[in-house]
Amino acid sequence: MTGTGVTAPPTAPPVGRRRRLIVLAVMCVALTVVVGMLVSLAVALPAVARDLEATEAQLQWVMNAYGVVFAGLLLPGGAIGDRYGRKGVLIAGLIIFGVASAAVLWIDSVGALIALRALAGAGAALVVPMTLSIITNIFPPEERGQAVGVWSGVFAGGGLLGVLIAGGLLESYSWRSLFVFNIVLAALALAGTAALTPTSRDPHSTPLDLPGTALSVAGVTGLVFAIVEGPERGWSDPLVVAGFAIAAAGLAAFTWWELRTDRPLLDVRIFRLRGVSGGSLIITVESVAAFGIFFLLLQYLQEILDYSPFVAGLGLMPLAIAMIVFSPGAPRLAHRYGMRPIIGLGVVLIAAGLVVMSMIDADSGFGPILGGSLLVGAGVAFAATPATDVIVTALPASKQGVASALNDITRELGAVLGIAILGSVHNTVYRDDAGEAAQGLPAAAADATRDSLAAALQVAARIGGEPGAQLAQAARDAFAAGMSTALLAGVAVVVIGGTAAVLLLPRRSPRNESR
């Protein structure tokens, strides 16, 4: 990817307004399928932990196996679409995703679930960049910002809608019913794509950068492995140290290779553009906060406040509603008042929301969660939606597959790091506090108590009586303390990363700068 202008003609044939809107709806359905799989499974984690006897670290991998592969293959996924045709690649991605989801219905081990989540992530890596690149190719410049705003709102709000639907399914069915629902939704998206979506591709596509792909996947995987496994194995464990070393070496080698190859997977020179570098950092930061919240809060609502899965899903709807309401109008405000003030406002709101939610404890009601969720949702809308528009308008229409993949990989990388970092901080605090409460228990019971809250509550139920009730309360207190500390860590990430990103952003909107 070498071009940085915005004047190249679209590669898709002209499409009428009515059909453009229908295709936008189809792309949003396809996007909801894969985003829903990333987020909605979080509401089922307590059930997965009980059914498959998964530890807290394994639950992080159930979530992150999908995200790691997703993030690692997004850039090549975008390049494949540019080269071979976006419609066909979108169809292939939906098929891979559907097959992986169907296979979950017949497995009975957490290892197999993690592997199938990784396969589904490979399919999702073909789907997501195609949805945004198709949208940016068929919409004219004067409509593109609003269409991207709808896409961005669906990316965030659609995932939370998936959480709500998942909660409803879990009221009557097992956690595997979530995969049945995703199979049905994928089939609908597949039919709509095949029947209605026009074909487009880059007429000047280049061969795929396989070494760059391998190095990027190795770097991201090594980093996430080390962050997730650190609390359980110990930060000085040789495997954890090796994970960090592989991450550093892989990402450094990726940068070196991309600067020297004639056909880079990602021309890292584009980060010299203030809009691209600042926009990418903003999306990464807000995703760290949002997805870290999803991972922890859904467990808190079910295991601490004793909400049913459906009510727990409803508990996240204030965040989704705020994002959906404010996302479509955020690009217009950014173009009118400037990127820095609007995105800076978003960063402040996200940080404030995390602070409010960090005030919870095991006896808190829903008030702090409600207030914090509304602030975070509005903040994500004001920060992420204009940042997405910055990135996709900085590159030519013929490279929208890779441009949208760059936008998506920062979002997915933020999601993976949010679950990994906030989950790791939480797991460290929980294991320390729960370990103190488990002193005097048999070794197997003490280990189970430290592994996860779900396992600790099962141990407490077996003990029974006053000792069991005390252990259960201590485990809930440990979980709440870990969550509060993790959210404060999220505040630090948002403030530091968000401030740096706002300073990198151009003072004027990218459309104004390109004229």
# chains A, B, ... in the order shown; residues from 1 in each chain; ligands from 1

call {"tool": "residues_around", "arguments": {"residues": "A:Glu229", "least_positions_apart": "5", "cutoff": "9 Å", "atoms": "only C-alpha atoms", "output": "number ranges by chain"}}
result
A: 57, 224, 234-235, 239-240, 424

call {"tool": "residues_around", "arguments": {"residues": "A:Ala194", "least_positions_apart": "2", "cutoff": "10 Å", "atoms": "only C-alpha atoms", "output": "MDAnalysis selection string"}}
result
chainID A and resid 87:88 90:91 189:192 196:199

call {"tool": "write_last_selection", "arguments": {"atoms": "N, CA and C atoms", "output": "short mmCIF file (atom, residue, chain, number, x, y, z; two decimals), in the first residue's frame"}}
result
data_model
loop_
_atom_site.label_atom_id
_atom_site.label_comp_id
_atom_site.auth_asym_id
_atom_site.auth_seq_id
_atom_site.Cartn_x
_atom_site.Cartn_y
_atom_site.Cartn_z
N LYS A 87 -16.32 -9.09 -3.00
CA LYS A 87 -17.53 -9.88 -2.80
C LYS A 87 -17.21 -11.35 -2.56
N GLY A 88 -16.35 -11.92 -3.41
CA GLY A 88 -16.01 -13.33 -3.28
C GLY A 88 -15.30 -13.63 -1.97
N LEU A 90 -15.60 -11.91 0.83
CA LEU A 90 -16.60 -11.81 1.89
C LEU A 90 -17.41 -13.09 2.00
N ILE A 91 -17.81 -13.65 0.88
CA ILE A 91 -18.56 -14.90 0.89
C ILE A 91 -17.72 -16.03 1.48
N ALA A 189 -26.58 -13.29 5.96
CA ALA A 189 -25.61 -12.37 5.38
C ALA A 189 -25.03 -12.93 4.09
N LEU A 190 -24.81 -14.24 4.07
CA LEU A 190 -24.27 -14.88 2.87
C LEU A 190 -25.24 -14.74 1.70
N ALA A 191 -26.53 -14.98 1.95
CA ALA A 191 -27.53 -14.87 0.89
C ALA A 191 -27.63 -13.43 0.39
N GLY A 192 -27.66 -12.46 1.30
CA GLY A 192 -27.74 -11.07 0.90
C GLY A 192 -26.53 -10.62 0.11
N LEU A 196 -27.01 -9.32 -3.76
CA LEU A 196 -27.16 -7.87 -3.88
C LEU A 196 -25.86 -7.08 -3.98
N THR A 197 -24.76 -7.63 -3.51
CA THR A 197 -23.53 -6.85 -3.41
C THR A 197 -22.77 -6.83 -4.73
N PRO A 198 -22.38 -5.64 -5.21
CA PRO A 198 -21.58 -5.57 -6.44
C PRO A 198 -20.15 -6.04 -6.20
N THR A 199 -19.48 -6.45 -7.26
CA THR A 199 -18.10 -6.90 -7.18
C THR A 199 -17.15 -5.73 -7.41
#

call {"tool": "closest_residue", "arguments": {"among": "A:Val150, A:Leu59, A:Ile343, A:Ala79", "to": "A:Val110", "atoms": "only C-alpha atoms"}}
result
A:Leu59

call {"tool": "select_by_dssp", "arguments": {"residues": "stretch 436-479 of chain A", "states": "alpha helix (DSSP H)", "output": "PyMOL selection string"}}
result
chain A and resi 436-437+443-451+453-463+465-479

call {"tool": "closest_residue", "arguments": {"among": "A:Asp389, A:Glu436, A:Glu286, A:Glu303", "to": "A:Ala415", "atoms": "only C-alpha atoms"}}
result
A:Glu286

call {"tool": "closest_residue", "arguments": {"among": "A:Phe70, A:Phe225, A:Tyr307, A:Phe97", "to": "A:Ile421", "atoms": "only C-alpha atoms"}}
result
A:Phe225

call {"tool": "residues_around", "arguments": {"residues": "stretch 248-254 of chain A", "least_positions_apart": "5", "cutoff": "8 Å", "atoms": "only C-alpha atoms", "output": "number ranges by chain"}}
result
A: 212, 215-216, 218-220, 223

call {"tool": "atom_distance", "arguments": {"atom1": "atom CA of A:Asn182", "atom2": "atom CA of A:Ala384"}}
result
25.8 Å

call {"tool": "residues_around", "arguments": {"residues": "A:Ile165", "least_positions_apart": "3", "cutoff": "9 Å", "atoms": "only C-alpha atoms", "output": "list in words"}}
result
Ser40, Leu160, Leu161, Gly162, Gly168, Leu169, Leu170, Leu178, Phe181, Phe310 and Gly313 of chain A

call {"tool": "write_last_selection", "arguments": {"atoms": "all heavy atoms", "output": "compact mmCIF listing (two decimals), in the first residue's frame"}}
result
# COMPACT_ATOMS: atom_id res chain seq x y z
N SER A 40 -20.44 -11.44 22.21
CA SER A 40 -21.57 -12.10 22.87
C SER A 40 -21.16 -13.30 23.71
O SER A 40 -21.82 -13.62 24.70
CB SER A 40 -22.61 -12.54 21.82
OG SER A 40 -22.07 -13.50 20.94
N LEU A 160 -23.02 -5.38 21.20
CA LEU A 160 -23.80 -5.39 22.44
C LEU A 160 -25.21 -5.91 22.21
O LEU A 160 -25.81 -6.51 23.11
CB LEU A 160 -23.84 -3.98 23.02
CG LEU A 160 -22.48 -3.47 23.53
CD1 LEU A 160 -22.61 -2.05 24.06
CD2 LEU A 160 -21.91 -4.38 24.60
N LEU A 161 -25.76 -5.67 21.03
CA LEU A 161 -27.04 -6.29 20.70
C LEU A 161 -26.89 -7.81 20.71
O LEU A 161 -27.78 -8.54 21.17
CB LEU A 161 -27.52 -5.80 19.33
CG LEU A 161 -28.85 -6.38 18.85
CD1 LEU A 161 -29.98 -6.02 19.81
CD2 LEU A 161 -29.17 -5.88 17.43
N GLY A 162 -25.74 -8.29 20.21
CA GLY A 162 -25.47 -9.72 20.27
C GLY A 162 -25.41 -10.23 21.69
O GLY A 162 -25.86 -11.35 21.98
N GLY A 168 -30.67 -13.70 26.17
CA GLY A 168 -32.00 -14.28 26.03
C GLY A 168 -31.94 -15.76 25.71
O GLY A 168 -32.72 -16.56 26.27
N LEU A 169 -31.02 -16.16 24.86
CA LEU A 169 -30.88 -17.58 24.52
C LEU A 169 -30.46 -18.40 25.74
O LEU A 169 -30.94 -19.52 25.95
CB LEU A 169 -29.85 -17.75 23.39
CG LEU A 169 -30.27 -17.25 22.01
CD1 LEU A 169 -29.08 -17.28 21.05
CD2 LEU A 169 -31.41 -18.11 21.44
N LEU A 170 -29.56 -17.82 26.55
CA LEU A 170 -29.05 -18.56 27.71
C LEU A 170 -30.09 -18.73 28.81
O LEU A 170 -29.90 -19.54 29.72
CB LEU A 170 -27.81 -17.86 28.27
CG LEU A 170 -26.56 -17.91 27.38
CD1 LEU A 170 -25.48 -16.98 27.90
CD2 LEU A 170 -26.03 -19.34 27.28
N LEU A 178 -25.69 -20.02 21.27
CA LEU A 178 -25.14 -18.80 20.69
C LEU A 178 -24.56 -19.06 19.31
O LEU A 178 -24.69 -18.24 18.39
CB LEU A 178 -24.06 -18.21 21.60
CG LEU A 178 -24.50 -17.33 22.77
CD1 LEU A 178 -25.39 -18.08 23.75
CD2 LEU A 178 -23.29 -16.75 23.48
N PHE A 181 -27.31 -19.50 16.68
CA PHE A 181 -27.82 -18.20 16.24
C PHE A 181 -26.86 -17.55 15.24
O PHE A 181 -27.29 -16.99 14.22
CB PHE A 181 -28.01 -17.29 17.45
CG PHE A 181 -28.42 -15.89 17.09
CD1 PHE A 181 -29.72 -15.61 16.73
CD2 PHE A 181 -27.48 -14.86 17.10
CE1 PHE A 181 -30.10 -14.31 16.39
CE2 PHE A 181 -27.85 -13.57 16.75
CZ PHE A 181 -29.17 -13.30 16.40
N PHE A 310 -29.74 -12.87 30.49
CA PHE A 310 -30.48 -11.88 29.71
C PHE A 310 -30.45 -10.52 30.40
O PHE A 310 -30.23 -9.48 29.75
CB PHE A 310 -31.93 -12.32 29.53
CG PHE A 310 -32.77 -11.35 28.75
CD1 PHE A 310 -32.58 -11.20 27.39
CD2 PHE A 310 -33.74 -10.59 29.38
CE1 PHE A 310 -33.34 -10.29 26.66
CE2 PHE A 310 -34.51 -9.69 28.67
CZ PHE A 310 -34.30 -9.54 27.31
N GLY A 313 -27.15 -8.94 29.94
CA GLY A 313 -27.07 -8.31 28.63
C GLY A 313 -27.76 -6.96 28.61
O GLY A 313 -27.25 -5.99 28.05

call {"tool": "atom_distance", "arguments": {"atom1": "atom CA of A:Ala122", "atom2": "atom CA of A:Ile134"}}
result
19.1 Å

call {"tool": "closest_residue", "arguments": {"among": "A:Leu164, A:Leu116, A:Leu74, A:Ile282", "to": "A:Leu265", "atoms": "only C-alpha atoms"}}
result
A:Leu74

call {"tool": "closest_residue", "arguments": {"among": "A:Trp106, A:Trp256, A:Phe479, A:Phe294", "to": "A:Asp361", "atoms": "only C-alpha atoms"}}
result
A:Phe479
